[in-house]
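Please read the structure below before turning to the comments.
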Amino acid sequence: MAASGCDVDLLETAREPGAARHGNFINYYTFNPPENRLRLIPRTLLQDVAPPHGGEHDDGEVVLVLDVGCNSGDLTVALYKHLQVDRSSGSETHGRLHLLGCDLDEDLILRAVRSNPFPETISFIPLDITQDSTFRTQLEGYLGSFGRSTFDLCVCLAVTMWVHLNHGDAALLELLSRLASLCHRLLLEVQPWKCYRSAARRMRKLGRQDFEHFRELKIQGDMAKHATQYLEKQCGMKLVCCFGSTTWDRTLLLFSRDKGEGQRHL
Ligand SMILES: C[S@@+](CC[C@H](N)C(=O)[O-])C[C@H]1O[C@@H](n2cnc3c(N)ncnc32)[C@H](O)[C@@H]1O
């Protein structure tokens, strides 16, 4: 595992370093196995995000989760298994949970589709979350097939830096707004600023073109704080819980769109 905790250090070992400009590493889970994040996420998380009875979709059946930037799907599948709550608790979600993973890299999605052990309940689609029209058509189509307009939970782990470096400040904020508009709960892992510097340094070392926006980024420093402030002030979300730090020293933050539900203990 890369000692610094920066995705970009994986570039050293990737076969095609230049091809990972969006964090689309082909061997990501060799270095950052799903367990690194899963051990921090409570198995009971879905009890908290499941549709409330008496609400818009009181079918008591389906829980919809979106995983943005799912890479080859290893964490998506592991998360699916992780969230199948123990039968003895009486709130087992098997068959109720439907998970959609998306990623801009079509080859990674192909790998995810081919190795998907639960094709009836987990789907993978190629999708660039920064492309407004395709993103809307695809996700609305998926939600519509369940008669829904939002996901119960959106998971976006280790993606923000890549959108920020490749598309700039406005795109980072747009991503956060978009995620917030898509779901009731958002589980977010942002890369710290030191990883941005590593990513830019690595590109230079490899003789590749700089990230187009790195030098002009105004949003820098404490990235988790910036994301939290923006989501709370501009997107009507509340930080509900911080699940602690990963082995790469990053926090997993859970936000809720529901007003008045902040600061619950999970
Ligand atoms: C470092 S990996 C993280 C994978 C996974 N979320 C995890 O934490 O295990 C970042 C992923 O985000 C994807 N990605 C980057 N920009 C994206 C975008 N605009 N739309 C969709 N996926 C994107 C990359 O292709 C890559 O697979």
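The way I read the labels, and the way they are meant: chains A, B, ... in the order of the structure tokens, residue 1 as the first residue of every chain, and ligand 1 as the first ligand shown, with later ones counted on from there.
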Could you name the residues that touch Gln220 of chain A at 7 Å or less, counting only C-alpha atoms, but leaving out those on the same chain fewer than 3 positions away, as a PyMOL selection string?
-> chain A and resi 193+217+223
Around ligand 1, at most 9 Å away and counting only C-alpha atoms and all ligand atoms, which residues are there? Put them as JSON, numbers by chain, please.
-> {"A": [6, 7, 8, 20, 21, 22, 23, 24, 25, 26, 28, 29, 32, 33, 34, 37, 67, 68, 69, 70, 71, 72, 73, 74, 75, 76, 102, 103, 104, 105, 106, 108, 109, 126, 127, 128, 129, 130, 131, 155, 156, 157, 158, 159, 160, 161, 162, 163, 164, 166, 167, 175, 189]}
d(atom CA of Leu66 of chain A, atom CA of Cys235 of chain A) in Å |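 Between atom CA of Leu66 of chain A and atom CA of Cys235 of chain A the gap works out to 18.2 Å.
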Between atom CA of Phe118 of chain A and atom CA of Arg257 of chain A, what is the distance, to one decimal in Å?
->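 Answer for the atom CA of Phe118 of chain A to atom CA of Arg257 of chain A separation: 29.0 Å.
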Report the distance between atom CA of Thr121 of chain A and atom CA of Arg39 of chain A in Å, rounded to one decimal place.
-> 22.8 Å
Proximity of segment 167-189 of chain A to segment 240-253 of chain A: per-residue shortest pair, 8 Å limit, only C-alpha atoms, as JSON lines:
```
{"residue": "A:Leu186", "atom": "CA", "partner": "A:Leu253", "partner_atom": "CA", "distance": 7.9}
{"residue": "A:Leu187", "atom": "CA", "partner": "A:Leu253", "partner_atom": "CA", "distance": 5.6}
{"residue": "A:Leu188", "atom": "CA", "partner": "A:Leu253", "partner_atom": "CA", "distance": 5.2}
{"residue": "A:Glu189", "atom": "CA", "partner": "A:Leu252", "partner_atom": "CA", "distance": 5.0}
```
Output file for the selection above: C-alpha atoms, as a PDB file, in the first residue's frame:
```pdb
ATOM      1  CA  LEU A 186     -24.540  11.139   1.101  1.00  0.00           C
ATOM      2  CA  LEU A 187     -21.472   9.198   2.191  1.00  0.00           C
ATOM      3  CA  LEU A 188     -18.436  11.191   1.105  1.00  0.00           C
ATOM      4  CA  GLU A 189     -14.668  10.667   1.237  1.00  0.00           C
TER       5      GLU A 189
END
```
DSSP says strand (DSSP E or B) for which residues of segment 32-246 of chain A? Put them as a PyMOL selection string?
-> chain A and resi 63-68+97-103+122-126+151-157+183-189+238-245
List every residue of segment 5-254 of chain A that DSSP, applied to the backbone of this structure, places in alpha helix (DSSP H), and write the result as a PyMOL selection string.
-> chain A and resi 28-31+35-38+45-49+74-82+106-114+132-144+160-167+169-182+193-205+223-234
With distances taken over only C-alpha atoms, which of A:Leu83, A:Leu64, A:Ala170, A:Leu231 is nearest to Gln47 of chain A?
->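 Of A:Leu83, A:Leu64, A:Ala170, A:Leu231, the one nearest Gln47 of chain A is A:Leu83, counting only C-alpha atoms.
Nearest residue to Gly168 of chain A among A:Ile125, A:Ile219, A:Leu45, A:Val113 is A:Ile219, counting only C-alpha atoms.
Compared by their closest atoms to Cys183 of chain A, and using only C-alpha atoms, the residues A:Leu46, A:Val62, A:Val77, A:Leu153 rank with A:Leu153 nearest.
Distance check against Leu165 of chain A using only C-alpha atoms: of A:Ala200, A:Leu40, A:Leu139, A:Leu79, the minimum falls on A:Ala200.
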